[in-house]
Structures are given as structure tokens and as C-alpha cells.
Amino acid sequence: MKEQTSREYSLKSRICYGCADIYGGGAFVIISTFYTVFLTKAMGMPPALAGTIPLIGKIWDAVTDPIMGNICDRTKSKFGAKRFYLLVGSVVSALTFLLMWVSVGAGSSTTVKYLFYMLMYMLFSTGFTIVMVPYNGLLHDMVDDYTMRSKFTGVRMIFSTFGAILAGLVPTLLIRDNTQPAPYLTVGILFSVIFLIVILITFFGTWEKQKEPVKVGFAQSFIHSLTVYKSRSFRLFIGIFLCGQGAADFVTGLAVYYVDDVLNAYGGGRFTYLMGVILLSQFVGTILFTPIMAKTSKKVPLLVGFPIRIAATLALLLFSHEGASFPVILSLSFIIGLGMAGSSTTIYAILADMADVDRLITSLNRPGICSAMATFVRKIATGVSSAVMGLLLAMVGYSETLANAGQRQAASTQHGIALIYIIAPVILMILAILFTVWFPMQKKEFEIIKKEISRRTGEDSSRATAQEKAVCEKLTGFAYEDLWNEKNALSL
């Protein structure tokens, strides 16, 4: 027991736990920032078509994520179920990430290119699922304490942001000409090796409490997964997750277009400067928000970070044109990055608590499924954002022919790109603020949930007060007498 407590409070343990999110945070930055650019500018694919590839990958996730969550909760291994899949996924994820950047021959038709890259994206998405579904559920089976979970998550987010910095800056240094496919493959090889190493560090440096596997038949796995949405807290958390991460995806996904087509400033390293400022400020913000979250509430970084981002984003309306002051744009981007850190710091700390609410509803300990459905929503956010971005670019007249030839877009198209880059994230952030205000769980409520679980398992002989019952009902969305019922996990 003392060894377990020592590990839980060890900085080394937090560092090892956080390493894998260099992959979780970095892979999506590269994909959001460069994959559509790779397909349109280097492969000559129409933007509306290219934007559907990530979305189709997310439809595929609707199949793989619930299955992986079910598999994870069903598995028993000497390593622990989640750590076992981290070991397997380290190789799979590295290989599938690399395959996404393999170039199809110049003479290939658009149909062949589309089918090839759709398949590669689906393979990558499967590899990501194998790693991130167990990883997102791992903390629940490592640490029980509310505050310590915040500290582990804070270190994880520092590594995630560091991964985003690597993924945001290194490709900009390697991809000097974004119309040539070779530099993209170099990026794919480099980051495949990095992702393999960091996932293995997490595997070797973490632990997992052994628990009895949840036995659910394959035919029931999809219904079993969907029942996590019965939890009121989980539904509101998903709203925060979907809108907050979607807003970030619009920033990274359109950054190349904003700098290249709106500001006409891609050359001279300016895009690298912009991404560097955004990602560095996220790193700084994560360090600032982590102790704030631990001492106050997991909602505070959200309620501070989103308004900061909205104000700075709207201010860009005055500077979104060729010849605008780039130092001012960098300053506003720094503030945007600080605000982005608030949401990323909090979201995964909240996720670790959602399995406890789910357990009170169902009596089942299934962090794997809770993680799977949150991971699925995260990837849905990326896929939808990518599809919407591609559609919006087409609507404002973006020409892949001009892009592939290295020419400027029409003035109306430049203006349209600027509006998309600014307005879309603001709308999503406003929605995220509303979901955060409605989200009912803080430390006091968490302790009540844990105490009620102890009552249900016979570890606490006290009786729930009327106030505690009301909190349980508010967090779960269920009447108190309907809680702790396995049937809640088996039917919609």
C-alpha cells in the first residue's frame, strides 16, 4: 500500500504517464494542420473531397471505438488490460501514421488517390484507437484521488502540448515547399519513430490495478457503449469536449491557409513563427492552469480560457489582410494559445471522473468504454471540423488548381478564409462555455459520488442524506432508487 501511494505521488510516475500524449497531442496537430494541405496542394485533390476523408475515418471510428472499449474492459493481462494494448498499439500506431504520407503516383486518377488515402486514414484511425482508448481510461485505474488525478492530467497536458509544439514546428521546418510530397513523407517517418518511443515509455513507467473484466457479448457491445451517454454529466462533458476541441481544430487546420492565402506570409519562416507562438503559449498556459485547476476547480481553466480566446480571436478581424502587422498577429495568437491551454488542461482531468459517475449508474467498472466513447467524440470533432473546413473553403471559391500551381487565391476567397478562421471557433467556444456552466461536478460532488459507491459496495455503512441523494441525481440524471443497476448498461 505504501509503495502504491509512493508511486501515486511520484513526479517520475506522472512524467511516464504523460509521455504517451506526445502522440495523442502531436498526431492530430500534424493531421489537422497538414493533411488537407498535403492532399490539396501536393496531391491536387479538390478541397471538398479531401475534407471528407477524415470524416469517413470518423464514421469508421463509430465501429472501432466501441469495440475497443469493450475489448479493453473484457481483457485480463498480467500487464493490466490497458497497458497491454499500449504495448501492442505502440507499433501499430507508428506504422499506420507513416502510411498516411506515402505518395500516390502523379498519373493516378483522383478516384484512386481518394480511395488510397481514405484507406490509409482508416488504418491510422484504428491504430490511434488501439492506443488512445486504453490510455484515456488508464488514469482511472491508477489513481483514485480527485486532486492527484488533476496533477497527473496536468503533467499529461504539458507533454501533450510539447507534442503539439514538435508536431506544429518541426514539419514547418521540413516542408518548405508545400506542393511537393517528399517532405511530408520525411515528417511521417520522423514522427512515427517519436510516437513509438513515447508510447513505450508510458507502458514501462505506469501501473494498473487489476480488476475483474466486464463480460459483455460482442452483439451487445454497441448498445453497451452507447449507454454511457445516459449519464447527464457525461453528456455535458461531451459537449465541452466536442466544442472545445473543434474550436482548436479550426485554428490548426486553417492556419496554413490563413498565413499563406490571407496574409501572403508563408515564406520567410512566418508560418513557423505563428505556429511556434501558438504552441509555446499553450505550453506556458498549461503550466499556469495546472496548479490553478488543482487548487480551485476543473471548470475554472475553461471559464477563464474560452473568453480570453474569444476576445483575441475577434481582434484578428482587424488584421486579417496582406500587409497587416505580423507582430500584432503573433501577439494575438499568443493570447489565443493561452486560452486553448485552459480547455486542453481540463478536459482529460474531467474524463477520468466520468467512469465513477457511470459506475454509480450501472454498478459496472468500465473506464475503457467511457474512454472509448470520449475518444470517438474527439475524433468525430476532428473529422467534422475537417469536412466542414473543406466544404467552407469550396464555398468561398478556393481553387486547388491555383494552390497546386503556387498562385494566390481570389480576393473574395482570401476574405472568406479569414472569416472562417475567426468566426467558426468563436461560435464553438460560446457553446463550450454554456456546457461548462451547466456541468455539475466539482470536487465536493465527486467526493459524494465516491462515498455513494463505497456504500453500494459495502465499504461504507452510513446512510445518504437528502442533499447527497440530490447531488447523485443531478450528476447522473437518474432517480436515486434507480442507480446501481446493471440493466442501465444493457438497454437504451
# chains A, B, ... in the order shown; residues from 1 in each chain; ligands from 1
>>> residues_around(residues="segment 96-111 of chain A", least_positions_apart="6", cutoff="7 Å", atoms="only C-alpha atoms", output="PyMOL selection string")
chain A and resi 45+117+120-121+123-124+127+181+184-185+188-189+192
>>> write_last_selection(atoms="all heavy atoms", output="tab-separated table (two decimals), in the first residue's frame")
chain	number	residue	atom	x	y	z
A	45	MET	N	-5.87	17.24	-54.91
A	45	MET	CA	-7.23	16.77	-54.69
A	45	MET	C	-8.15	17.97	-54.38
A	45	MET	O	-7.75	18.88	-53.66
A	45	MET	CB	-7.26	15.78	-53.52
A	45	MET	CG	-8.58	15.02	-53.37
A	45	MET	SD	-8.51	13.84	-51.99
A	45	MET	CE	-7.27	12.69	-52.61
A	117	TYR	N	-6.03	7.20	-49.94
A	117	TYR	CA	-5.84	7.98	-48.72
A	117	TYR	C	-6.98	7.80	-47.72
A	117	TYR	O	-6.77	7.93	-46.51
A	117	TYR	CB	-5.63	9.46	-49.07
A	117	TYR	CG	-4.29	9.69	-49.72
A	117	TYR	CD1	-4.19	10.10	-51.04
A	117	TYR	CD2	-3.11	9.45	-49.03
A	117	TYR	CE1	-2.96	10.29	-51.65
A	117	TYR	CE2	-1.88	9.63	-49.61
A	117	TYR	CZ	-1.80	10.04	-50.93
A	117	TYR	OH	-0.57	10.20	-51.52
A	120	MET	N	-5.83	4.65	-45.97
A	120	MET	CA	-4.71	4.93	-45.08
A	120	MET	C	-5.18	5.66	-43.82
A	120	MET	O	-4.72	5.39	-42.71
A	120	MET	CB	-3.66	5.78	-45.80
A	120	MET	CG	-2.93	5.08	-46.94
A	120	MET	SD	-2.15	3.52	-46.47
A	120	MET	CE	-3.35	2.34	-47.13
A	121	TYR	N	-6.12	6.58	-44.00
A	121	TYR	CA	-6.64	7.32	-42.84
A	121	TYR	C	-7.40	6.37	-41.91
A	121	TYR	O	-7.29	6.48	-40.68
A	121	TYR	CB	-7.55	8.46	-43.29
A	121	TYR	CG	-7.82	9.46	-42.18
A	121	TYR	CD1	-7.11	10.66	-42.10
A	121	TYR	CD2	-8.76	9.19	-41.20
A	121	TYR	CE1	-7.34	11.55	-41.07
A	121	TYR	CE2	-9.00	10.08	-40.16
A	121	TYR	CZ	-8.29	11.26	-40.11
A	121	TYR	OH	-8.51	12.14	-39.08
A	123	LEU	N	-6.81	3.19	-41.50
A	123	LEU	CA	-5.81	2.39	-40.79
A	123	LEU	C	-5.19	3.19	-39.65
A	123	LEU	O	-5.01	2.68	-38.54
A	123	LEU	CB	-4.73	1.92	-41.76
A	123	LEU	CG	-5.13	0.84	-42.76
A	123	LEU	CD1	-4.00	0.59	-43.76
A	123	LEU	CD2	-5.49	-0.46	-42.05
A	124	PHE	N	-4.85	4.46	-39.94
A	124	PHE	CA	-4.30	5.31	-38.89
A	124	PHE	C	-5.29	5.45	-37.73
A	124	PHE	O	-4.93	5.35	-36.56
A	124	PHE	CB	-3.97	6.70	-39.43
A	124	PHE	CG	-3.89	7.74	-38.34
A	124	PHE	CD1	-2.81	7.79	-37.48
A	124	PHE	CD2	-4.93	8.63	-38.15
A	124	PHE	CE1	-2.75	8.72	-36.45
A	124	PHE	CE2	-4.88	9.57	-37.12
A	124	PHE	CZ	-3.79	9.62	-36.28
A	127	GLY	N	-5.26	2.48	-35.53
A	127	GLY	CA	-4.08	2.49	-34.67
A	127	GLY	C	-4.22	3.47	-33.52
A	127	GLY	O	-3.84	3.17	-32.38
A	181	PRO	N	5.46	16.35	-52.44
A	181	PRO	CA	5.08	15.29	-51.50
A	181	PRO	C	6.23	14.75	-50.64
A	181	PRO	O	5.99	14.27	-49.53
A	181	PRO	CB	4.53	14.19	-52.41
A	181	PRO	CG	5.18	14.43	-53.74
A	181	PRO	CD	5.37	15.91	-53.85
A	184	TYR	N	6.62	15.68	-46.81
A	184	TYR	CA	5.56	15.13	-45.96
A	184	TYR	C	5.91	13.71	-45.51
A	184	TYR	O	5.67	13.34	-44.35
A	184	TYR	CB	4.22	15.12	-46.71
A	184	TYR	CG	3.68	16.49	-47.06
A	184	TYR	CD1	3.90	17.05	-48.31
A	184	TYR	CD2	2.93	17.21	-46.13
A	184	TYR	CE1	3.38	18.30	-48.64
A	184	TYR	CE2	2.41	18.46	-46.45
A	184	TYR	CZ	2.64	19.00	-47.70
A	184	TYR	OH	2.13	20.24	-48.02
A	185	LEU	N	6.51	12.91	-46.42
A	185	LEU	CA	6.91	11.56	-46.05
A	185	LEU	C	8.04	11.58	-45.02
A	185	LEU	O	8.06	10.77	-44.09
A	185	LEU	CB	7.36	10.79	-47.30
A	185	LEU	CG	7.79	9.33	-47.07
A	185	LEU	CD1	6.66	8.52	-46.45
A	185	LEU	CD2	8.26	8.70	-48.38
A	188	GLY	N	6.47	12.08	-41.81
A	188	GLY	CA	5.81	10.85	-41.38
A	188	GLY	C	6.78	9.86	-40.76
A	188	GLY	O	6.50	9.25	-39.72
A	189	ILE	N	7.95	9.69	-41.36
A	189	ILE	CA	8.96	8.76	-40.83
A	189	ILE	C	9.46	9.23	-39.47
A	189	ILE	O	9.55	8.45	-38.51
A	189	ILE	CB	10.13	8.63	-41.82
A	189	ILE	CG1	9.66	7.97	-43.12
A	189	ILE	CG2	11.28	7.84	-41.20
A	189	ILE	CD1	10.69	8.00	-44.24
A	192	SER	N	6.76	8.92	-36.72
A	192	SER	CA	6.44	7.52	-36.42
A	192	SER	C	7.42	6.97	-35.38
A	192	SER	O	7.01	6.27	-34.44
A	192	SER	CB	6.51	6.68	-37.70
A	192	SER	OG	5.49	7.03	-38.59
>>> closest_atom_pairs(of="segment 28-73 of chain A", to="segment 272-287 of chain A", cutoff="12 Å", atoms="only C-alpha atoms", output="tab-separated table")
residue	atom	partner	partner_atom	distance
A:Val29	CA	A:Leu279	CA	10.1
A:Ile30	CA	A:Met275	CA	11.4
A:Thr33	CA	A:Met275	CA	9.8
>>> residues_around(residues="segment 48-51 of chain A", least_positions_apart="3", cutoff="7 Å", atoms="only C-alpha atoms", output="list in words")
Thr36, Leu39, Thr40, Met45, Pro54, Ser386, Ala387, Met389, Gly390, Leu391 and Ala394 of chain A
>>> closest_residue(among="A:Ile449, A:Ile67, A:Ala81, A:Ala42", to="Asp358 of chain A", atoms="only C-alpha atoms")
A:Ile449
>>> select_by_dssp(residues="segment 87-281 of chain A", states="helix (DSSP H, G or I)", output="number ranges by chain")
A: 87-99, 110-141, 146-174, 182-205, 218-230, 232-262, 267-281
>>> residues_around(residues="segment 234-239 of chain A", least_positions_apart="3", cutoff="9 Å", atoms="only C-alpha atoms", output="PyMOL selection string")
chain A and resi 228-231+242-244+347+350-351+354-355+357-358+370+374+377-378+431-432+435-436+438-440+475-476
>>> write_last_selection(atoms="C-alpha atoms", output="mmCIF file, in the first residue's frame")
data_model
loop_
_atom_site.group_PDB
_atom_site.id
_atom_site.type_symbol
_atom_site.label_atom_id
_atom_site.label_comp_id
_atom_site.auth_asym_id
_atom_site.auth_seq_id
_atom_site.Cartn_x
_atom_site.Cartn_y
_atom_site.Cartn_z
ATOM 1 C CA VAL A 228 -22.581 5.828 -21.210
ATOM 2 C CA TYR A 229 -24.483 8.753 -22.737
ATOM 3 C CA LYS A 230 -27.285 8.123 -20.248
ATOM 4 C CA SER A 231 -25.143 9.958 -17.700
ATOM 5 C CA LEU A 242 -16.661 18.403 -28.829
ATOM 6 C CA CYS A 243 -16.910 22.199 -28.975
ATOM 7 C CA GLY A 244 -13.603 22.951 -27.261
ATOM 8 C CA ILE A 347 -10.876 18.098 -20.442
ATOM 9 C CA ILE A 350 -12.732 15.563 -16.139
ATOM 10 C CA LEU A 351 -12.722 12.418 -18.280
ATOM 11 C CA MET A 354 -16.717 10.155 -15.709
ATOM 12 C CA ALA A 355 -16.222 6.412 -15.132
ATOM 13 C CA VAL A 357 -20.433 8.550 -12.375
ATOM 14 C CA ASP A 358 -21.068 5.758 -14.875
ATOM 15 C CA CYS A 370 -16.140 5.663 -21.165
ATOM 16 C CA ALA A 374 -14.864 10.136 -25.439
ATOM 17 C CA VAL A 377 -16.181 12.032 -29.973
ATOM 18 C CA ARG A 378 -12.717 13.616 -30.102
ATOM 19 C CA LEU A 431 -21.239 26.770 -26.948
ATOM 20 C CA ALA A 432 -18.402 25.268 -24.870
ATOM 21 C CA PHE A 435 -21.812 23.455 -21.474
ATOM 22 C CA THR A 436 -19.177 24.300 -18.841
ATOM 23 C CA TRP A 438 -24.135 23.613 -16.902
ATOM 24 C CA PHE A 439 -21.576 20.926 -15.977
ATOM 25 C CA PRO A 440 -22.454 19.867 -12.397
ATOM 26 C CA LEU A 475 -24.869 14.267 -11.678
ATOM 27 C CA THR A 476 -26.336 11.068 -13.101
#
>>> closest_residue(among="A:Met132, A:Met148, A:Ile369, A:Val37", to="Leu226 of chain A", atoms="only C-alpha atoms")
A:Ile369
>>> residues_around(residues="segment 251-266 of chain A", least_positions_apart="4", cutoff="8 Å", atoms="only C-alpha atoms", output="PyMOL selection string")
chain A and resi 29+32-34+36-37+247+270-271+275+320-324+386+389+408-409+414-415+417-418+421+425
>>> closest_residue(among="A:Leu360, A:Ile329, A:Val388, A:Ala312", to="Glu481 of chain A", atoms="only C-alpha atoms")
A:Leu360
>>> closest_residue(among="A:Asp482, A:Asp145, A:Asp249, A:Glu208", to="Lys450 of chain A", atoms="only C-alpha atoms")
A:Asp145
>>> closest_residue(among="A:Ile433, A:Leu288, A:Ile175, A:Leu303", to="Gly269 of chain A", atoms="only C-alpha atoms")
A:Ile175
>>> residues_around(residues="Cys16 of chain A", least_positions_apart="2", cutoff="9 Å", atoms="only C-alpha atoms", output="PyMOL selection string")
chain A and resi 11-14+18-20+156+198+201-206
>>> closest_residue(among="A:Leu166, A:Ile194, A:Leu338, A:Met373", to="Asp61 of chain A", atoms="only C-alpha atoms")
A:Met373
>>> residues_around(residues="Lys58 of chain A", least_positions_apart="2", cutoff="8 Å", atoms="only C-alpha atoms", output="compact mmCIF listing (two decimals) with N, CA and C atoms, in the first residue's frame")
# COMPACT_ATOMS: atom_id res chain seq x y z
N PRO A 54 -11.15 12.56 -43.52
CA PRO A 54 -11.19 12.40 -42.07
C PRO A 54 -12.59 12.08 -41.55
N LEU A 55 -13.62 12.64 -42.18
CA LEU A 55 -14.98 12.37 -41.72
C LEU A 55 -15.34 10.90 -41.91
N ILE A 56 -14.97 10.32 -43.04
CA ILE A 56 -15.22 8.89 -43.27
C ILE A 56 -14.44 8.06 -42.25
N TRP A 60 -15.87 5.30 -39.48
CA TRP A 60 -15.23 4.03 -39.16
C TRP A 60 -14.99 3.90 -37.67
N ASP A 61 -14.65 5.02 -37.02
CA ASP A 61 -14.45 5.01 -35.57
C ASP A 61 -15.71 4.64 -34.81
N ALA A 62 -16.87 4.93 -35.40
CA ALA A 62 -18.13 4.56 -34.77
C ALA A 62 -18.22 3.06 -34.58
N SER A 125 -6.55 5.68 -38.08
CA SER A 125 -7.56 5.89 -37.05
C SER A 125 -7.72 4.65 -36.17
N PHE A 376 -13.88 8.55 -29.32
CA PHE A 376 -14.68 8.58 -30.53
C PHE A 376 -15.18 10.00 -30.82
N LYS A 379 -12.40 12.25 -32.06
CA LYS A 379 -12.09 12.04 -33.47
C LYS A 379 -13.23 12.51 -34.38
N ILE A 380 -14.46 12.39 -33.88
CA ILE A 380 -15.59 12.94 -34.62
C ILE A 380 -15.42 14.45 -34.78
N GLY A 383 -12.92 15.01 -37.47
CA GLY A 383 -13.47 14.66 -38.78
C GLY A 383 -14.49 15.65 -39.27
>>> atom_distance(atom1="atom CA of Thr126 of chain A", atom2="atom CA of Phe195 of chain A")
15.1 Å
